[in-house]
$ cat work.cif   # mmCIF, C-alpha atoms and all ligand atoms
data_target
loop_
_atom_site.label_atom_id
_atom_site.label_comp_id
_atom_site.auth_asym_id
_atom_site.auth_seq_id
_atom_site.Cartn_x
_atom_site.Cartn_y
_atom_site.Cartn_z
CA MET X 1 -6.53 -16.27 -26.23
CA TYR X 2 -3.61 -13.94 -25.65
CA LYS X 3 -1.67 -13.34 -28.86
CA LEU X 4 1.98 -12.29 -28.64
CA GLU X 5 4.65 -11.92 -31.32
CA LYS X 6 5.77 -15.55 -31.81
CA ILE X 7 3.36 -17.37 -29.51
CA THR X 8 -0.22 -17.35 -28.26
CA LEU X 9 -1.37 -18.15 -24.71
CA ALA X 10 -4.46 -20.32 -25.06
CA PRO X 11 -6.67 -22.62 -22.93
CA PHE X 12 -5.02 -25.91 -21.83
CA THR X 13 -6.85 -28.84 -23.43
CA TRP X 14 -7.01 -32.48 -22.29
CA GLU X 15 -5.28 -33.57 -25.53
CA GLN X 16 -2.34 -31.26 -24.74
CA ALA X 17 -2.27 -32.63 -21.18
CA GLN X 18 -1.37 -36.06 -22.61
CA VAL X 19 1.74 -34.58 -24.22
CA TYR X 20 2.55 -32.71 -21.00
CA LEU X 21 2.45 -36.00 -19.04
CA GLY X 22 5.18 -37.41 -21.30
CA TRP X 23 7.40 -34.39 -20.58
CA VAL X 24 7.04 -34.41 -16.79
CA ASN X 25 8.01 -38.07 -16.68
CA GLN X 26 11.32 -37.42 -18.46
CA GLU X 27 14.15 -37.52 -15.93
CA GLU X 28 15.77 -34.17 -16.74
CA THR X 29 12.46 -32.31 -16.70
CA ALA X 30 11.40 -34.02 -13.46
CA HIS X 31 14.66 -32.86 -11.85
CA ARG X 32 14.15 -29.27 -12.98
CA LEU X 33 10.64 -29.34 -11.54
CA THR X 34 11.99 -30.97 -8.33
CA ARG X 35 9.70 -33.96 -8.78
CA ALA X 36 10.93 -37.19 -7.20
CA LEU X 37 8.13 -39.54 -8.23
CA PRO X 38 6.80 -40.39 -11.70
CA VAL X 39 3.26 -39.24 -12.45
CA SER X 40 0.71 -41.96 -13.23
CA PRO X 41 -2.05 -41.39 -15.85
CA LEU X 42 -4.71 -41.47 -13.09
CA GLU X 43 -2.84 -38.97 -10.92
CA HIS X 44 -2.41 -36.77 -13.99
CA GLN X 45 -6.11 -36.90 -14.83
CA ARG X 46 -7.05 -35.90 -11.27
CA TRP X 47 -4.51 -33.04 -11.39
CA TYR X 48 -5.95 -31.80 -14.70
CA GLU X 49 -9.55 -31.94 -13.47
CA SER X 50 -8.75 -30.14 -10.22
CA LEU X 51 -6.75 -27.53 -12.15
CA MET X 52 -9.75 -26.72 -14.33
CA GLN X 53 -11.89 -26.11 -11.22
CA ARG X 54 -9.46 -23.96 -9.27
CA GLN X 55 -10.44 -20.32 -8.82
CA ASP X 56 -6.94 -19.29 -7.74
CA ALA X 57 -5.04 -20.52 -10.82
CA VAL X 58 -4.90 -19.51 -14.48
CA VAL X 59 -3.32 -22.06 -16.80
CA PHE X 60 -2.34 -21.34 -20.39
CA SER X 61 -0.97 -23.52 -23.14
CA VAL X 62 1.79 -21.93 -25.19
CA LEU X 63 1.10 -22.28 -28.93
CA GLU X 64 3.47 -21.33 -31.74
CA ASN X 65 1.89 -18.70 -33.98
CA ALA X 66 3.59 -20.01 -37.13
CA GLY X 67 2.20 -23.56 -37.15
CA GLY X 68 -0.04 -23.71 -34.09
CA ASP X 69 2.18 -26.32 -32.39
CA TYR X 70 1.68 -26.91 -28.66
CA LEU X 71 4.99 -25.87 -27.02
CA GLY X 72 4.24 -26.12 -23.29
CA ASN X 73 2.42 -24.41 -20.45
CA ILE X 74 2.69 -21.35 -18.28
CA TRP X 75 0.46 -20.60 -15.33
CA LEU X 76 -0.31 -18.44 -12.33
CA TRP X 77 -0.79 -20.39 -9.12
CA GLY X 78 -2.17 -19.39 -5.75
CA ILE X 79 -3.57 -16.04 -6.88
CA HIS X 80 -4.15 -14.11 -3.66
CA PRO X 81 -6.98 -11.54 -3.58
CA VAL X 82 -5.60 -9.56 -0.62
CA HIS X 83 -1.86 -9.54 -1.33
CA ARG X 84 -2.56 -9.46 -5.08
CA SER X 85 0.30 -11.88 -5.72
CA ALA X 86 0.70 -15.19 -7.53
CA GLU X 87 3.39 -17.75 -8.32
CA LEU X 88 4.48 -18.29 -11.93
CA ARG X 89 5.25 -21.79 -13.15
CA ILE X 90 6.37 -22.78 -16.64
CA LEU X 91 7.28 -25.88 -18.58
CA LEU X 92 8.15 -25.98 -22.28
CA GLY X 93 8.71 -29.26 -24.11
CA PRO X 94 12.36 -30.14 -24.90
CA GLN X 95 11.96 -29.24 -28.60
CA ALA X 96 10.72 -25.75 -27.77
CA GLN X 97 13.47 -24.76 -25.33
CA GLY X 98 16.22 -22.25 -26.07
CA LYS X 99 14.34 -20.40 -28.83
CA GLY X 100 13.09 -17.41 -26.88
CA TYR X 101 9.58 -18.77 -26.35
CA GLY X 102 9.97 -18.99 -22.57
CA THR X 103 11.04 -15.36 -22.26
CA GLU X 104 8.14 -14.21 -24.43
CA ALA X 105 5.64 -16.38 -22.56
CA CYS X 106 6.80 -14.93 -19.20
CA ARG X 107 6.55 -11.38 -20.51
CA GLY X 108 3.05 -12.09 -21.81
CA LEU X 109 1.92 -13.70 -18.58
CA LEU X 110 3.27 -10.79 -16.54
CA ARG X 111 1.36 -8.35 -18.71
CA PHE X 112 -1.78 -10.45 -18.26
CA ALA X 113 -1.19 -10.66 -14.48
CA PHE X 114 -0.63 -6.94 -13.99
CA GLN X 115 -3.02 -5.43 -16.55
CA ASP X 116 -5.91 -7.92 -16.65
CA LEU X 117 -5.84 -9.44 -13.16
CA ASN X 118 -4.59 -6.27 -11.44
CA LEU X 119 -1.93 -8.22 -9.51
CA HIS X 120 0.87 -6.39 -7.71
CA LYS X 121 3.56 -9.09 -7.58
CA VAL X 122 4.39 -12.31 -9.43
CA PHE X 123 7.07 -14.56 -7.92
CA LEU X 124 8.68 -17.91 -8.75
CA TYR X 125 11.13 -20.50 -7.47
CA VAL X 126 13.91 -21.81 -9.71
CA LEU X 127 16.90 -24.04 -9.05
CA SER X 128 20.04 -21.90 -8.86
CA HIS X 129 21.88 -24.13 -11.34
CA ASN X 130 19.05 -23.93 -13.95
CA THR X 131 20.99 -21.19 -15.74
CA ALA X 132 18.83 -21.01 -18.86
CA ALA X 133 15.67 -20.62 -16.79
CA VAL X 134 17.21 -17.92 -14.56
CA ARG X 135 18.40 -16.05 -17.66
CA ALA X 136 14.97 -16.29 -19.31
CA PHE X 137 13.27 -15.01 -16.14
CA GLU X 138 15.73 -12.12 -15.85
CA LYS X 139 15.10 -11.16 -19.47
CA ALA X 140 11.37 -11.20 -18.78
CA GLY X 141 11.80 -8.74 -15.91
CA PHE X 142 12.25 -10.89 -12.79
CA VAL X 143 14.82 -9.99 -10.15
CA SER X 144 16.26 -12.19 -7.44
CA GLU X 145 14.73 -11.84 -3.97
CA GLY X 146 17.21 -14.22 -2.35
CA ILE X 147 18.72 -17.67 -2.22
CA LEU X 148 17.04 -20.55 -0.41
CA GLN X 149 19.85 -22.85 0.68
CA ASP X 150 19.39 -26.63 0.33
CA GLU X 151 15.74 -26.00 -0.47
CA PHE X 152 15.20 -29.15 -2.56
CA PHE X 153 16.61 -32.69 -2.64
CA VAL X 154 17.10 -33.50 -6.32
CA ALA X 155 18.89 -36.45 -7.91
CA GLY X 156 20.60 -37.45 -4.68
CA LYS X 157 21.72 -34.08 -3.32
CA TYR X 158 20.46 -30.88 -1.79
CA VAL X 159 20.31 -27.93 -4.16
CA ASP X 160 19.75 -24.20 -3.71
CA ALA X 161 16.81 -22.35 -5.19
CA LEU X 162 16.37 -18.73 -6.14
CA ARG X 163 13.22 -16.85 -5.38
CA MET X 164 12.56 -14.25 -8.06
CA ALA X 165 9.85 -11.65 -8.44
CA SER X 166 8.43 -9.04 -10.78
CA PHE X 167 6.26 -6.10 -9.73
CA ALA X 168 3.56 -4.05 -11.42
CA ASN X 169 4.73 -0.54 -12.27
C1 LIG J 1 13.01 -22.51 -18.37
C2 LIG J 1 12.34 -22.28 -19.69
C3 LIG J 1 10.92 -21.80 -19.45
C4 LIG J 1 13.09 -21.14 -20.42
O1 LIG J 1 12.46 -20.91 -21.65
P1 LIG J 1 13.35 -20.97 -23.00
O2 LIG J 1 12.46 -20.65 -24.13
O3 LIG J 1 14.06 -22.27 -23.05
O4 LIG J 1 14.39 -19.80 -22.72
P2 LIG J 1 14.82 -18.62 -23.72
O5 LIG J 1 15.25 -19.22 -25.02
O6 LIG J 1 13.71 -17.61 -23.77
O7 LIG J 1 16.02 -17.95 -22.93
C5 LIG J 1 17.08 -18.76 -22.44
C6 LIG J 1 18.29 -17.88 -22.19
O8 LIG J 1 19.23 -18.63 -21.42
C7 LIG J 1 20.46 -18.72 -22.16
N1 LIG J 1 21.04 -20.00 -21.83
C8 LIG J 1 20.67 -21.22 -22.24
N2 LIG J 1 21.47 -22.16 -21.70
C9 LIG J 1 22.34 -21.50 -20.91
C10 LIG J 1 23.40 -21.89 -20.07
N3 LIG J 1 23.71 -23.18 -19.92
N4 LIG J 1 24.09 -20.94 -19.41
C11 LIG J 1 23.76 -19.65 -19.53
N5 LIG J 1 22.75 -19.20 -20.31
C12 LIG J 1 22.05 -20.12 -20.98
C13 LIG J 1 20.07 -18.56 -23.60
O9 LIG J 1 21.16 -18.19 -24.39
C14 LIG J 1 18.99 -17.48 -23.46
O10 LIG J 1 19.56 -16.21 -23.21
P3 LIG J 1 19.92 -15.15 -24.37
O11 LIG J 1 18.65 -14.91 -25.14
O12 LIG J 1 20.40 -13.95 -23.63
O13 LIG J 1 20.95 -15.77 -25.24
C15 LIG J 1 12.31 -23.56 -20.55
O14 LIG J 1 13.62 -23.89 -20.98
C16 LIG J 1 11.73 -24.76 -19.81
O15 LIG J 1 10.52 -24.89 -19.73
N6 LIG J 1 12.60 -25.63 -19.26
C17 LIG J 1 12.17 -26.86 -18.57
C18 LIG J 1 11.39 -26.61 -17.29
C19 LIG J 1 12.02 -25.58 -16.39
O16 LIG J 1 13.23 -25.55 -16.18
N7 LIG J 1 11.14 -24.74 -15.84
C20 LIG J 1 11.52 -23.71 -14.90
C21 LIG J 1 11.20 -24.20 -13.53
S1 LIG J 1 11.06 -22.83 -12.47
#

$ encode --input "work.cif" --output "structure tokens"
Amino acid sequence: MYKLEKITLAPFTWEQAQVYLGWVNQEETAHRLTRALPVSPLEHQRWYESLMQRQDAVVFSVLENAGGDYLGNIWLWGIHPVHRSAELRILLGPQAQGKGYGTEACRGLLRFAFQDLNLHKVFLYVLSHNTAAVRAFEKAGFVSEGILQDEFFVAGKYVDALRMASFAN
């Protein structure tokens, strides 16, 4: 458990994964995550099981401190022992967006990555037009490393992505 001001980062349970599956299969969320295909329950179960066994990933659920509600997930992916880097990924449910939780979760995960895992760099990829996400990442301390032109094909057209990063002090 990693308690912050408004939220807590906690282990990701199978019950929460059922809610998560509903979110990723919503069209707008799928587009933001650059997913073209719907996720089946079996595919989702295999993903969850493999996630729990991975040594190079740390997955947290985001819980609201006030009522304990499950708000979404944030995780470090591809943790590299030599480069001491990892990719950040995040998904909050539609009801939890735009309330500052994403910014706080990113700040908390960065602290965890730098202080507890001794990482040097955390990076992410975000669609350039996902303005709220870019703003939340900037507030959490990420800076742009560059634009990847036509990186993804989403909803019938090519879109640019930003690569952003944050570094340990
Ligand atoms: C991206 C995400 C993690 C951001 O978390 P969040 O809790 O919604 O974001 P926050 O409330 O902390 O911050 C959003 C900021 O963007 C601003 N914002 C929201 N919509 C905006 C828009 N259309 N244009 C400009 N700024 C916008 C908000 O005002 C806020 O900034 P402020 O505090 O300076 O006013 C969350 O919305 C999410 O999970 N979205 C769906 C999945 C996704 O896009 N993941 C990212 C893939 S890399």

$ residues_around --input "work.cif" --residues "Leu88 (chain X)" --least-positions-apart "5" --cutoff "6 Å" --atoms "all atoms listed in the file" --output "list in words"
Trp75, Leu76 and Leu124 of chain X

$ closest_residue --input "work.cif" --among "X:Phe142, X:Tyr48, X:Tyr70, X:Tyr101" --to "ligand LIG 1 (chain J)" --atoms "only C-alpha atoms and all ligand atoms"
X:Tyr101

$ closest_atom_pairs --input "work.cif" --of "chain X" --to "ligand LIG 1 (chain J)" --cutoff "6 Å" --atoms "all atoms listed in the file" --output "tab-separated table"
residue	atom	partner	partner_atom	distance
X:Thr29	CA	J:LIG1	C17	5.8
X:Arg32	CA	J:LIG1	O16	5.0
X:Leu33	CA	J:LIG1	C21	5.5
X:Arg89	CA	J:LIG1	S1	5.9
X:Ile90	CA	J:LIG1	N7	5.2
X:Leu91	CA	J:LIG1	O15	3.6
X:Leu92	CA	J:LIG1	O15	3.6
X:Gln97	CA	J:LIG1	O3	3.4
X:Gly98	CA	J:LIG1	O5	3.4
X:Lys99	CA	J:LIG1	O5	4.1
X:Gly100	CA	J:LIG1	O6	3.2
X:Tyr101	CA	J:LIG1	O2	4.1
X:Gly102	CA	J:LIG1	O1	3.3
X:Thr103	CA	J:LIG1	O6	3.8
X:Tyr125	CA	J:LIG1	S1	5.5
X:Val126	CA	J:LIG1	S1	4.1
X:Thr131	CA	J:LIG1	N4	4.8
X:Ala132	CA	J:LIG1	O8	3.5
X:Ala133	CA	J:LIG1	C1	3.6
X:Arg135	CA	J:LIG1	O8	4.6
X:Ala136	CA	J:LIG1	O7	4.1

$ axis_aligned_box --input "work.cif" --around "region 130-146 of chain X" --padding-each-side "8 Å" --output "JSON"
{"center_x": 16.2, "center_y": -16.3, "center_z": -10.9, "size_x": 25.6, "size_y": 31.2, "size_z": 33.1}

$ atom_distance --input "work.cif" --atom1 "CA of Arg111 (chain X)" --atom2 "CA of Gln18 (chain X)"
28.1 Å
